[in-house]
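Colleague: Before I ask anything, here is the structure I am working with.
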Amino acid sequence: MPEAPSVETLAARLVEGDRRALARAITLVESTRPDHRTRAAALLDAVLPHTGTSIRLGVSGPPGAGKSTFLQAYGLHQIEARGQRVAVLAVDPSSTQSGGSILGDKTRMPRLAARPEAFIRPSPAGDSLGGLARRTREVLLLCEAAGFDQVMVETVGVGQSETAVAGIIDTMVLLLPPGAGDDLQGIKRGVMELADVVVVTKADGNLAPAARMAAADARQGLALLRRRHPGWDPAVVLTSALEGRGIEEVADAVAAHHDHMTTSGQLAVLRRQQDLQWLHDQVVEGLLAAFRADPASAAALDQAAQSVRAGTRSPTRAAQDVLRTAQRS
């Protein structure tokens, strides 16, 4: 087996845009081996000065909204019309029973996957909170260091995952299918509040009237919500992948939002807040790992779970007992 390149060599190749180096770097940061985690941290430090210049885009929507179709059309537009390089980080839903995942995102976006200016990376969501893959933030930074102009993070659906993804992106694009106007109440208020750009898909043929109604309902609903970013009114755009309409308008809206965030100073503040939350999450993750690795703490947690199931201790008291055991060990 060939020897793994040094962190310095891997970082240099990555910054030069070497796709194999990028794939290798992502594999490294996604590894759970302790020695790999140490090398991954060193790699992230090495490429950090080359990050921060990309537009970080979240793409969400309910099943049937056409996320894959939109991502392919939007990515191809950015490449062909604007000369950009795009990366898609598709968080793949994992089976709660088998732990397996589909990891078929390149087959869902074949035309985009075939372009050398595009990079598509599926990652299993696993048991990470909110459906966000555990290392998505780190992978995003690696893509930025590799020179991609836009990094798009696709979520697994509408719900808790949007809150998690909002913690790592600049602009949230929410996709709504025709007829969604009848079901806007089913989309959580918090999800609508996160949207910076709303895209109504499949606005063609017999679905065109329903799409226009969904757009009108979305505008009315957004008018009642507080703004995620002061001074920015979320844009609502009708699109048709079949007829090739609306994608340029979405790209304009994303660019306008990024310009607003940059010139107002909100982007710098947002990213610093996200970095601090990332620090907090990493510390919590490390503490939990150390807790589970300690035999006394693990045994105390098992006993606490048994007593809670039996109804002999409240969850609050049981948690306090477990933490006291952990502090002594």
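Each chain in the structure tokens gets a letter, A, B, ..., in the order shown, and its residues are numbered from 1; ligands are numbered from 1 in order too.
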Please extract the residues of range 21-262 of chain A with a backbone DSSP assignment of helix (DSSP H, G or I) and present them as a compact mmCIF listing (two decimals) with N, CA, C and O atoms, in the first residue's frame.

Modeller:
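result21.txt was written with the following content:
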```
# COMPACT_ATOMS: atom_id res chain seq x y z
N ALA A 21 -6.71 14.87 -4.67
CA ALA A 21 -6.30 15.34 -3.34
C ALA A 21 -7.52 15.75 -2.53
O ALA A 21 -7.59 15.48 -1.31
N LEU A 22 -8.49 16.38 -3.19
CA LEU A 22 -9.72 16.77 -2.49
C LEU A 22 -10.46 15.54 -1.98
O LEU A 22 -10.89 15.49 -0.83
N ALA A 23 -10.62 14.53 -2.84
CA ALA A 23 -11.31 13.31 -2.43
C ALA A 23 -10.58 12.63 -1.28
O ALA A 23 -11.20 12.14 -0.33
N ARG A 24 -9.25 12.63 -1.36
CA ARG A 24 -8.46 12.00 -0.31
C ARG A 24 -8.59 12.78 1.01
O ARG A 24 -8.68 12.21 2.10
N ALA A 25 -8.60 14.11 0.90
CA ALA A 25 -8.73 14.96 2.09
C ALA A 25 -10.09 14.76 2.76
O ALA A 25 -10.20 14.70 3.99
N ILE A 26 -11.14 14.63 1.94
CA ILE A 26 -12.48 14.42 2.50
C ILE A 26 -12.56 13.07 3.21
O ILE A 26 -13.13 12.96 4.30
N THR A 27 -11.98 12.06 2.60
CA THR A 27 -11.95 10.74 3.24
C THR A 27 -11.24 10.83 4.59
O THR A 27 -11.66 10.20 5.58
N LEU A 28 -10.18 11.62 4.65
CA LEU A 28 -9.44 11.78 5.90
C LEU A 28 -10.29 12.45 6.97
O LEU A 28 -10.36 11.96 8.11
N VAL A 29 -10.96 13.56 6.64
CA VAL A 29 -11.72 14.28 7.67
C VAL A 29 -12.98 13.52 8.08
O VAL A 29 -13.49 13.73 9.18
N GLU A 30 -13.47 12.64 7.21
CA GLU A 30 -14.66 11.86 7.57
C GLU A 30 -14.31 10.62 8.40
O GLU A 30 -15.21 9.98 8.95
N PRO A 34 -8.66 7.93 15.60
CA PRO A 34 -8.02 9.03 16.34
C PRO A 34 -6.81 9.64 15.63
O PRO A 34 -6.65 10.86 15.61
N ASP A 35 -5.96 8.80 15.00
CA ASP A 35 -4.80 9.35 14.30
C ASP A 35 -5.22 10.13 13.07
O ASP A 35 -4.60 11.14 12.71
N HIS A 36 -6.30 9.69 12.41
CA HIS A 36 -6.81 10.44 11.26
C HIS A 36 -7.42 11.76 11.70
O HIS A 36 -7.29 12.77 10.99
N ARG A 37 -8.09 11.77 12.84
CA ARG A 37 -8.67 13.02 13.33
C ARG A 37 -7.57 14.05 13.63
O ARG A 37 -7.73 15.24 13.38
N THR A 38 -6.44 13.58 14.14
CA THR A 38 -5.32 14.49 14.40
C THR A 38 -4.77 15.06 13.10
O THR A 38 -4.51 16.27 12.99
N ARG A 39 -4.60 14.20 12.09
CA ARG A 39 -4.11 14.66 10.78
C ARG A 39 -5.13 15.58 10.12
O ARG A 39 -4.77 16.55 9.45
N ALA A 40 -6.42 15.27 10.30
CA ALA A 40 -7.46 16.11 9.70
C ALA A 40 -7.44 17.52 10.28
O ALA A 40 -7.60 18.51 9.55
N ALA A 41 -7.25 17.62 11.59
CA ALA A 41 -7.17 18.94 12.22
C ALA A 41 -5.99 19.73 11.68
O ALA A 41 -6.10 20.95 11.41
N ALA A 42 -4.85 19.07 11.50
CA ALA A 42 -3.66 19.74 10.95
C ALA A 42 -3.91 20.17 9.51
O ALA A 42 -3.48 21.27 9.09
N LEU A 43 -4.61 19.34 8.74
CA LEU A 43 -4.93 19.68 7.36
C LEU A 43 -5.84 20.90 7.29
O LEU A 43 -5.62 21.82 6.48
N LEU A 44 -6.86 20.94 8.14
CA LEU A 44 -7.78 22.06 8.14
C LEU A 44 -7.07 23.36 8.51
O LEU A 44 -7.34 24.42 7.93
N ASP A 45 -6.15 23.30 9.46
CA ASP A 45 -5.36 24.48 9.80
C ASP A 45 -4.51 24.94 8.62
O ASP A 45 -4.37 26.14 8.37
N ALA A 46 -3.96 23.97 7.87
CA ALA A 46 -3.08 24.30 6.75
C ALA A 46 -3.83 25.00 5.61
O ALA A 46 -3.28 25.88 4.95
N VAL A 47 -5.09 24.59 5.38
CA VAL A 47 -5.84 25.17 4.25
C VAL A 47 -6.71 26.35 4.67
O VAL A 47 -7.30 27.02 3.82
N LEU A 48 -6.81 26.60 5.97
CA LEU A 48 -7.71 27.65 6.46
C LEU A 48 -7.50 29.01 5.79
O LEU A 48 -8.48 29.70 5.47
N PRO A 49 -6.25 29.45 5.53
CA PRO A 49 -6.08 30.76 4.86
C PRO A 49 -6.66 30.81 3.45
O PRO A 49 -6.84 31.91 2.91
N HIS A 50 -6.96 29.66 2.87
CA HIS A 50 -7.48 29.62 1.51
C HIS A 50 -9.00 29.42 1.47
O HIS A 50 -9.55 29.14 0.41
N LYS A 67 -35.32 18.68 -5.89
CA LYS A 67 -34.02 19.21 -5.45
C LYS A 67 -32.89 18.81 -6.40
O LYS A 67 -32.05 19.63 -6.76
N SER A 68 -32.87 17.54 -6.79
CA SER A 68 -31.79 17.08 -7.67
C SER A 68 -31.85 17.77 -9.03
O SER A 68 -30.82 18.19 -9.58
N THR A 69 -33.04 17.89 -9.57
CA THR A 69 -33.21 18.56 -10.86
C THR A 69 -32.77 20.02 -10.77
O THR A 69 -32.08 20.54 -11.65
N PHE A 70 -33.15 20.68 -9.69
CA PHE A 70 -32.76 22.07 -9.51
C PHE A 70 -31.25 22.21 -9.36
O PHE A 70 -30.63 23.07 -9.98
N LEU A 71 -30.66 21.36 -8.51
CA LEU A 71 -29.22 21.45 -8.28
C LEU A 71 -28.44 21.25 -9.58
O LEU A 71 -27.45 21.96 -9.84
N GLN A 72 -28.88 20.32 -10.40
CA GLN A 72 -28.20 20.09 -11.67
C GLN A 72 -28.35 21.30 -12.59
O GLN A 72 -27.36 21.77 -13.18
N ALA A 73 -29.57 21.82 -12.72
CA ALA A 73 -29.80 22.97 -13.60
C ALA A 73 -29.05 24.20 -13.11
O ALA A 73 -28.43 24.92 -13.89
N TYR A 74 -29.09 24.44 -11.80
CA TYR A 74 -28.42 25.60 -11.22
C TYR A 74 -26.89 25.47 -11.36
O TYR A 74 -26.20 26.41 -11.74
N GLY A 75 -26.38 24.28 -11.07
CA GLY A 75 -24.94 24.06 -11.18
C GLY A 75 -24.45 24.24 -12.60
O GLY A 75 -23.42 24.88 -12.84
N LEU A 76 -25.17 23.69 -13.58
CA LEU A 76 -24.78 23.83 -14.98
C LEU A 76 -24.84 25.29 -15.42
O LEU A 76 -23.99 25.76 -16.19
N HIS A 77 -25.84 26.03 -14.92
CA HIS A 77 -25.92 27.46 -15.26
C HIS A 77 -24.72 28.21 -14.73
O HIS A 77 -24.13 29.04 -15.42
N GLN A 78 -24.34 27.95 -13.49
CA GLN A 78 -23.18 28.64 -12.91
C GLN A 78 -21.90 28.33 -13.69
O GLN A 78 -21.04 29.20 -13.86
N ILE A 79 -21.79 27.11 -14.17
CA ILE A 79 -20.61 26.71 -14.95
C ILE A 79 -20.62 27.34 -16.34
O ILE A 79 -19.62 27.95 -16.77
N GLU A 80 -21.74 27.19 -17.03
CA GLU A 80 -21.79 27.57 -18.44
C GLU A 80 -22.01 29.06 -18.66
O GLU A 80 -21.44 29.65 -19.58
N ALA A 81 -22.82 29.68 -17.81
CA ALA A 81 -23.13 31.10 -18.02
C ALA A 81 -22.25 32.03 -17.21
O ALA A 81 -22.06 33.20 -17.59
N ARG A 82 -21.67 31.55 -16.11
CA ARG A 82 -20.93 32.44 -15.23
C ARG A 82 -19.48 31.99 -14.99
O ARG A 82 -18.76 32.64 -14.24
N ASP A 105 -26.00 10.07 -5.48
CA ASP A 105 -26.24 11.43 -5.93
C ASP A 105 -25.68 11.72 -7.32
O ASP A 105 -26.22 12.54 -8.05
N LYS A 106 -24.59 11.04 -7.70
CA LYS A 106 -24.04 11.27 -9.03
C LYS A 106 -24.97 10.73 -10.11
O LYS A 106 -25.01 11.26 -11.22
N THR A 107 -25.74 9.69 -9.81
CA THR A 107 -26.70 9.19 -10.78
C THR A 107 -27.93 10.07 -10.83
O THR A 107 -28.65 10.07 -11.83
N ARG A 108 -28.20 10.82 -9.77
CA ARG A 108 -29.34 11.74 -9.78
C ARG A 108 -29.01 13.02 -10.54
O ARG A 108 -29.90 13.72 -10.98
N PRO A 110 -26.54 13.35 -13.40
CA PRO A 110 -25.51 12.82 -14.30
C PRO A 110 -24.82 13.89 -15.15
O PRO A 110 -23.60 13.83 -15.36
N ARG A 111 -25.58 14.85 -15.66
CA ARG A 111 -24.96 15.88 -16.53
C ARG A 111 -24.02 16.76 -15.72
O ARG A 111 -22.94 17.13 -16.20
N LEU A 112 -24.41 17.10 -14.51
CA LEU A 112 -23.54 17.92 -13.67
C LEU A 112 -22.31 17.12 -13.24
O LEU A 112 -21.19 17.65 -13.23
N ALA A 113 -22.52 15.85 -12.90
CA ALA A 113 -21.40 15.01 -12.45
C ALA A 113 -20.35 14.84 -13.54
O ALA A 113 -19.17 14.62 -13.25
N LEU A 129 -27.19 14.69 14.62
CA LEU A 129 -28.38 15.46 14.95
C LEU A 129 -28.75 16.36 13.80
O LEU A 129 -27.92 17.06 13.23
N GLY A 130 -30.05 16.35 13.43
CA GLY A 130 -30.53 17.25 12.39
C GLY A 130 -30.33 16.73 10.99
O GLY A 130 -30.64 17.42 10.03
N GLY A 131 -29.82 15.51 10.83
CA GLY A 131 -29.65 14.97 9.50
C GLY A 131 -28.45 15.52 8.76
O GLY A 131 -28.23 15.20 7.60
N THR A 136 -19.75 17.62 7.53
CA THR A 136 -20.10 18.48 6.40
C THR A 136 -19.40 19.83 6.47
O THR A 136 -18.95 20.37 5.46
N ARG A 137 -19.28 20.41 7.66
CA ARG A 137 -18.62 21.71 7.79
C ARG A 137 -17.16 21.63 7.35
O ARG A 137 -16.65 22.53 6.67
N GLU A 138 -16.49 20.55 7.74
CA GLU A 138 -15.09 20.39 7.38
C GLU A 138 -14.94 20.16 5.88
O GLU A 138 -14.03 20.70 5.24
N VAL A 139 -15.84 19.37 5.30
CA VAL A 139 -15.80 19.11 3.86
C VAL A 139 -16.05 20.40 3.08
O VAL A 139 -15.42 20.65 2.05
N LEU A 140 -16.95 21.24 3.58
CA LEU A 140 -17.22 22.52 2.93
C LEU A 140 -15.96 23.37 2.86
O LEU A 140 -15.64 23.97 1.82
N LEU A 141 -15.20 23.43 3.95
CA LEU A 141 -13.97 24.20 3.96
C LEU A 141 -12.95 23.63 2.96
O LEU A 141 -12.24 24.40 2.28
N LEU A 142 -12.87 22.33 2.86
CA LEU A 142 -11.95 21.72 1.90
C LEU A 142 -12.33 22.09 0.47
O LEU A 142 -11.45 22.36 -0.36
N CYS A 143 -13.62 22.11 0.16
CA CYS A 143 -14.07 22.49 -1.18
C CYS A 143 -13.73 23.95 -1.46
O CYS A 143 -13.34 24.31 -2.59
N GLU A 144 -13.88 24.80 -0.47
CA GLU A 144 -13.50 26.20 -0.64
C GLU A 144 -12.00 26.32 -0.93
O GLU A 144 -11.59 27.06 -1.83
N ALA A 145 -11.20 25.60 -0.16
CA ALA A 145 -9.75 25.66 -0.35
C ALA A 145 -9.36 25.14 -1.73
O ALA A 145 -8.35 25.58 -2.30
N GLN A 160 -35.93 19.51 10.88
CA GLN A 160 -34.81 19.86 11.73
C GLN A 160 -33.51 20.07 10.95
O GLN A 160 -32.63 20.82 11.35
N SER A 161 -33.40 19.41 9.78
CA SER A 161 -32.16 19.50 9.01
C SER A 161 -31.89 20.92 8.54
O SER A 161 -30.74 21.32 8.39
N GLU A 162 -32.94 21.70 8.28
CA GLU A 162 -32.72 23.08 7.83
C GLU A 162 -32.02 23.91 8.89
O GLU A 162 -31.14 24.72 8.59
N THR A 163 -32.41 23.73 10.16
CA THR A 163 -31.77 24.47 11.24
C THR A 163 -30.29 24.11 11.32
O THR A 163 -29.44 24.98 11.52
N ALA A 164 -29.97 22.82 11.16
CA ALA A 164 -28.58 22.39 11.20
C ALA A 164 -27.79 22.97 10.04
O ALA A 164 -26.69 23.49 10.21
N VAL A 165 -28.35 22.91 8.82
CA VAL A 165 -27.65 23.41 7.64
C VAL A 165 -27.49 24.92 7.70
O VAL A 165 -26.46 25.46 7.27
N ALA A 166 -28.48 25.63 8.25
CA ALA A 166 -28.37 27.08 8.36
C ALA A 166 -27.17 27.50 9.20
O ALA A 166 -26.69 28.63 9.07
N ALA A 180 -47.98 23.75 -3.41
CA ALA A 180 -47.50 23.90 -2.04
C ALA A 180 -48.26 24.97 -1.29
O ALA A 180 -48.27 24.98 -0.06
N GLY A 181 -48.93 25.86 -2.04
CA GLY A 181 -49.71 26.90 -1.37
C GLY A 181 -50.77 26.32 -0.46
O GLY A 181 -51.12 26.90 0.57
N ASP A 182 -51.29 25.15 -0.85
CA ASP A 182 -52.30 24.49 -0.02
C ASP A 182 -51.71 23.87 1.23
O ASP A 182 -52.42 23.55 2.17
N ASP A 183 -50.36 23.67 1.21
CA ASP A 183 -49.72 22.94 2.30
C ASP A 183 -48.67 23.75 3.03
O ASP A 183 -47.86 23.18 3.75
N LEU A 184 -48.69 25.08 2.86
CA LEU A 184 -47.67 25.90 3.52
C LEU A 184 -47.76 25.76 5.04
O LEU A 184 -46.76 25.90 5.73
N GLN A 185 -48.95 25.49 5.54
CA GLN A 185 -49.08 25.33 6.98
C GLN A 185 -48.33 24.09 7.46
O GLN A 185 -47.92 24.01 8.61
N GLY A 186 -48.14 23.13 6.53
CA GLY A 186 -47.42 21.93 6.90
C GLY A 186 -45.92 22.13 6.96
O GLY A 186 -45.19 21.29 7.47
N ARG A 189 -43.03 26.98 10.46
CA ARG A 189 -42.77 28.42 10.42
C ARG A 189 -41.27 28.69 10.46
O ARG A 189 -40.76 29.56 9.74
N GLY A 190 -40.56 27.95 11.30
CA GLY A 190 -39.12 28.17 11.43
C GLY A 190 -38.37 27.91 10.14
O GLY A 190 -37.37 28.57 9.86
N VAL A 191 -38.85 26.96 9.34
CA VAL A 191 -38.20 26.66 8.07
C VAL A 191 -38.41 27.81 7.09
O VAL A 191 -37.47 28.24 6.41
N MET A 192 -39.61 28.34 7.02
CA MET A 192 -39.89 29.48 6.14
C MET A 192 -39.07 30.70 6.56
O MET A 192 -38.60 31.47 5.71
N GLU A 193 -38.88 30.86 7.86
CA GLU A 193 -38.10 32.00 8.35
C GLU A 193 -36.64 31.91 7.94
O GLU A 193 -35.96 32.94 7.85
N LEU A 194 -36.16 30.71 7.68
CA LEU A 194 -34.76 30.54 7.30
C LEU A 194 -34.52 30.84 5.83
O LEU A 194 -33.38 31.01 5.41
N GLY A 205 -46.53 23.91 -18.21
CA GLY A 205 -47.65 23.07 -18.61
C GLY A 205 -48.87 23.24 -17.73
O GLY A 205 -49.22 24.36 -17.31
N ASN A 206 -49.50 22.14 -17.41
CA ASN A 206 -50.72 22.16 -16.61
C ASN A 206 -50.45 22.60 -15.17
O ASN A 206 -51.40 22.97 -14.45
N LEU A 207 -49.18 22.54 -14.74
CA LEU A 207 -48.85 22.91 -13.37
C LEU A 207 -48.56 24.41 -13.22
O LEU A 207 -48.40 24.88 -12.09
N ALA A 208 -48.51 25.14 -14.32
CA ALA A 208 -48.17 26.56 -14.27
C ALA A 208 -49.12 27.37 -13.38
O ALA A 208 -48.67 28.17 -12.55
N PRO A 209 -50.45 27.20 -13.50
CA PRO A 209 -51.35 27.97 -12.62
C PRO A 209 -51.13 27.65 -11.14
O PRO A 209 -51.13 28.55 -10.30
N ALA A 210 -50.96 26.37 -10.82
CA ALA A 210 -50.72 25.98 -9.43
C ALA A 210 -49.42 26.56 -8.92
O ALA A 210 -49.30 26.96 -7.76
N ALA A 211 -48.41 26.62 -9.80
CA ALA A 211 -47.11 27.19 -9.40
C ALA A 211 -47.25 28.67 -9.10
O ALA A 211 -46.67 29.18 -8.13
N ARG A 212 -47.99 29.38 -9.94
CA ARG A 212 -48.19 30.83 -9.70
C ARG A 212 -48.94 31.06 -8.39
O ARG A 212 -48.63 32.00 -7.64
N MET A 213 -49.90 30.19 -8.09
CA MET A 213 -50.64 30.32 -6.84
C MET A 213 -49.72 30.03 -5.64
O MET A 213 -49.78 30.72 -4.62
N ALA A 214 -48.86 29.02 -5.78
CA ALA A 214 -47.93 28.69 -4.70
C ALA A 214 -46.98 29.85 -4.45
O ALA A 214 -46.65 30.17 -3.30
N ALA A 215 -46.53 30.52 -5.52
CA ALA A 215 -45.64 31.67 -5.38
C ALA A 215 -46.33 32.83 -4.67
O ALA A 215 -45.75 33.48 -3.80
N ALA A 216 -47.59 33.06 -5.03
CA ALA A 216 -48.35 34.14 -4.39
C ALA A 216 -48.55 33.84 -2.90
O ALA A 216 -48.40 34.73 -2.05
N ASP A 217 -48.88 32.60 -2.58
CA ASP A 217 -49.07 32.22 -1.18
C ASP A 217 -47.76 32.34 -0.41
O ASP A 217 -47.75 32.73 0.77
N ALA A 218 -46.64 31.98 -1.06
CA ALA A 218 -45.34 32.08 -0.39
C ALA A 218 -45.01 33.54 -0.08
O ALA A 218 -44.53 33.86 1.01
N ARG A 219 -45.25 34.42 -1.04
CA ARG A 219 -44.98 35.86 -0.81
C ARG A 219 -45.83 36.38 0.35
O ARG A 219 -45.35 37.14 1.19
N GLN A 220 -47.10 35.96 0.36
CA GLN A 220 -47.99 36.41 1.44
C GLN A 220 -47.51 35.88 2.79
O GLN A 220 -47.50 36.61 3.78
N GLY A 221 -47.10 34.63 2.82
CA GLY A 221 -46.63 34.04 4.08
C GLY A 221 -45.34 34.69 4.55
O GLY A 221 -45.17 34.96 5.75
N LEU A 222 -44.42 34.94 3.63
CA LEU A 222 -43.13 35.54 4.00
C LEU A 222 -43.31 36.95 4.55
O LEU A 222 -42.54 37.39 5.41
N ALA A 223 -44.32 37.64 4.05
CA ALA A 223 -44.56 39.02 4.50
C ALA A 223 -44.92 39.08 5.98
O ALA A 223 -44.74 40.12 6.62
N ILE A 247 -33.88 29.83 -13.80
CA ILE A 247 -32.62 29.51 -13.12
C ILE A 247 -31.72 30.75 -13.05
O ILE A 247 -31.07 30.99 -12.02
N GLU A 248 -31.68 31.53 -14.12
CA GLU A 248 -30.86 32.74 -14.10
C GLU A 248 -31.35 33.71 -13.03
O GLU A 248 -30.55 34.36 -12.34
N GLU A 249 -32.68 33.80 -12.87
CA GLU A 249 -33.23 34.68 -11.85
C GLU A 249 -32.86 34.20 -10.44
O GLU A 249 -32.59 35.01 -9.55
N VAL A 250 -32.83 32.89 -10.25
CA VAL A 250 -32.41 32.35 -8.95
C VAL A 250 -30.94 32.70 -8.70
O VAL A 250 -30.58 33.13 -7.60
N ALA A 251 -30.11 32.54 -9.72
CA ALA A 251 -28.69 32.87 -9.59
C ALA A 251 -28.50 34.35 -9.26
O ALA A 251 -27.65 34.71 -8.44
N ASP A 252 -29.30 35.20 -9.89
CA ASP A 252 -29.23 36.64 -9.60
C ASP A 252 -29.63 36.92 -8.15
O ASP A 252 -29.01 37.76 -7.47
N ALA A 253 -30.68 36.23 -7.68
CA ALA A 253 -31.15 36.44 -6.31
C ALA A 253 -30.10 35.97 -5.31
O ALA A 253 -29.86 36.64 -4.28
N VAL A 254 -29.46 34.84 -5.56
CA VAL A 254 -28.41 34.34 -4.67
C VAL A 254 -27.24 35.32 -4.63
O VAL A 254 -26.72 35.64 -3.55
N ALA A 255 -26.84 35.83 -5.80
CA ALA A 255 -25.73 36.79 -5.86
C ALA A 255 -26.09 38.08 -5.14
O ALA A 255 -25.26 38.68 -4.43
N ALA A 256 -27.34 38.54 -5.31
CA ALA A 256 -27.78 39.78 -4.66
C ALA A 256 -27.79 39.61 -3.14
O ALA A 256 -27.41 40.53 -2.40
N HIS A 257 -28.23 38.45 -2.67
CA HIS A 257 -28.24 38.21 -1.23
C HIS A 257 -26.82 38.19 -0.67
O HIS A 257 -26.55 38.77 0.39
N HIS A 258 -25.92 37.55 -1.39
CA HIS A 258 -24.53 37.49 -0.93
C HIS A 258 -23.92 38.89 -0.90
O HIS A 258 -23.19 39.24 0.04
N ASP A 259 -24.22 39.71 -1.93
CA ASP A 259 -23.72 41.09 -1.95
C ASP A 259 -24.26 41.89 -0.77
O ASP A 259 -23.53 42.66 -0.13
N HIS A 260 -25.56 41.71 -0.48
CA HIS A 260 -26.17 42.41 0.64
C HIS A 260 -25.52 42.01 1.96
O HIS A 260 -25.20 42.87 2.80
N MET A 261 -25.31 40.72 2.13
CA MET A 261 -24.70 40.23 3.37
C MET A 261 -23.27 40.75 3.52
O MET A 261 -22.83 41.08 4.62
N THR A 262 -22.55 40.82 2.41
CA THR A 262 -21.15 41.27 2.45
C THR A 262 -21.05 42.76 2.74
O THR A 262 -20.31 43.18 3.63
```

Colleague: Neighbouring residues of Val322 in chain A were defined as those with any atom within 10 Å, considering only C-alpha atoms; residues of the same chain fewer than 6 positions away were excluded. Please report them as a CSV table (one decimal) with N, CA and C atoms, in the first residue's frame.

Modeller:
```
chain,number,residue,atom,x,y,z
A,296,ALA,N,-16.7,3.4,33.9
A,296,ALA,CA,-17.5,3.7,35.0
A,296,ALA,C,-18.7,4.6,34.6
A,297,SER,N,-18.4,5.5,33.7
A,297,SER,CA,-19.5,6.4,33.2
A,297,SER,C,-20.5,5.7,32.4
A,298,ALA,N,-20.0,4.8,31.5
A,298,ALA,CA,-20.9,4.0,30.7
A,298,ALA,C,-21.8,3.1,31.5
A,299,ALA,N,-21.2,2.5,32.6
A,299,ALA,CA,-22.0,1.6,33.5
A,299,ALA,C,-23.1,2.5,34.2
A,300,ALA,N,-22.7,3.6,34.6
A,300,ALA,CA,-23.6,4.5,35.3
A,300,ALA,C,-24.8,4.9,34.4
A,301,LEU,N,-24.5,5.2,33.2
A,301,LEU,CA,-25.5,5.6,32.2
A,301,LEU,C,-26.5,4.4,32.0
A,302,ASP,N,-25.9,3.2,31.9
A,302,ASP,CA,-26.8,2.0,31.7
A,302,ASP,C,-27.7,1.8,32.9
A,303,GLN,N,-27.2,1.9,34.1
A,303,GLN,CA,-28.0,1.8,35.3
A,303,GLN,C,-29.0,2.9,35.4
A,304,ALA,N,-28.7,4.1,35.0
A,304,ALA,CA,-29.6,5.2,35.0
A,304,ALA,C,-30.8,4.9,34.0
A,305,ALA,N,-30.4,4.4,32.8
A,305,ALA,CA,-31.5,4.1,31.8
A,305,ALA,C,-32.4,3.0,32.4
```

Colleague: As an exercise, work out the distance from CA of Gly83 in chain A to CA of Glu117 in chain A in Å and give it to one decimal place.

Modeller: 8.9 Å

Colleague: Looking at A:Ala146, A:Arg135, A:Ser329, A:Gln266, which one is nearest to Leu10 in chain A, with distances taken over only C-alpha atoms?

Modeller: A:Ala146

Colleague: So what do you get for CA of Pro230 in chain A versus CA of Ser264 in chain A, distance-wise?

Modeller: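 These two atoms are separated by 9.2 Å.
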
Colleague: Using only C-alpha atoms, which of the listed residues (A:Arg134, A:His229, A:Val86, A:Arg309) sits closest to Thr32 in chain A?

Modeller: A:Arg134

Colleague: Have a look at A:Arg324, A:Arg20, A:Arg271, A:Arg121 and name the one nearest to Thr53 in chain A; count only C-alpha atoms.

Modeller: A:Arg271

Colleague: Select, from A:Gln282, A:Thr51, A:Gln277, A:Thr325, the residue with the minimum atom-to-atom distance to Pro295 in chain A, counting only C-alpha atoms.

Modeller: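 Ranking A:Gln282, A:Thr51, A:Gln277, A:Thr325 by distance to Pro295 in chain A, first place goes to A:Thr325.
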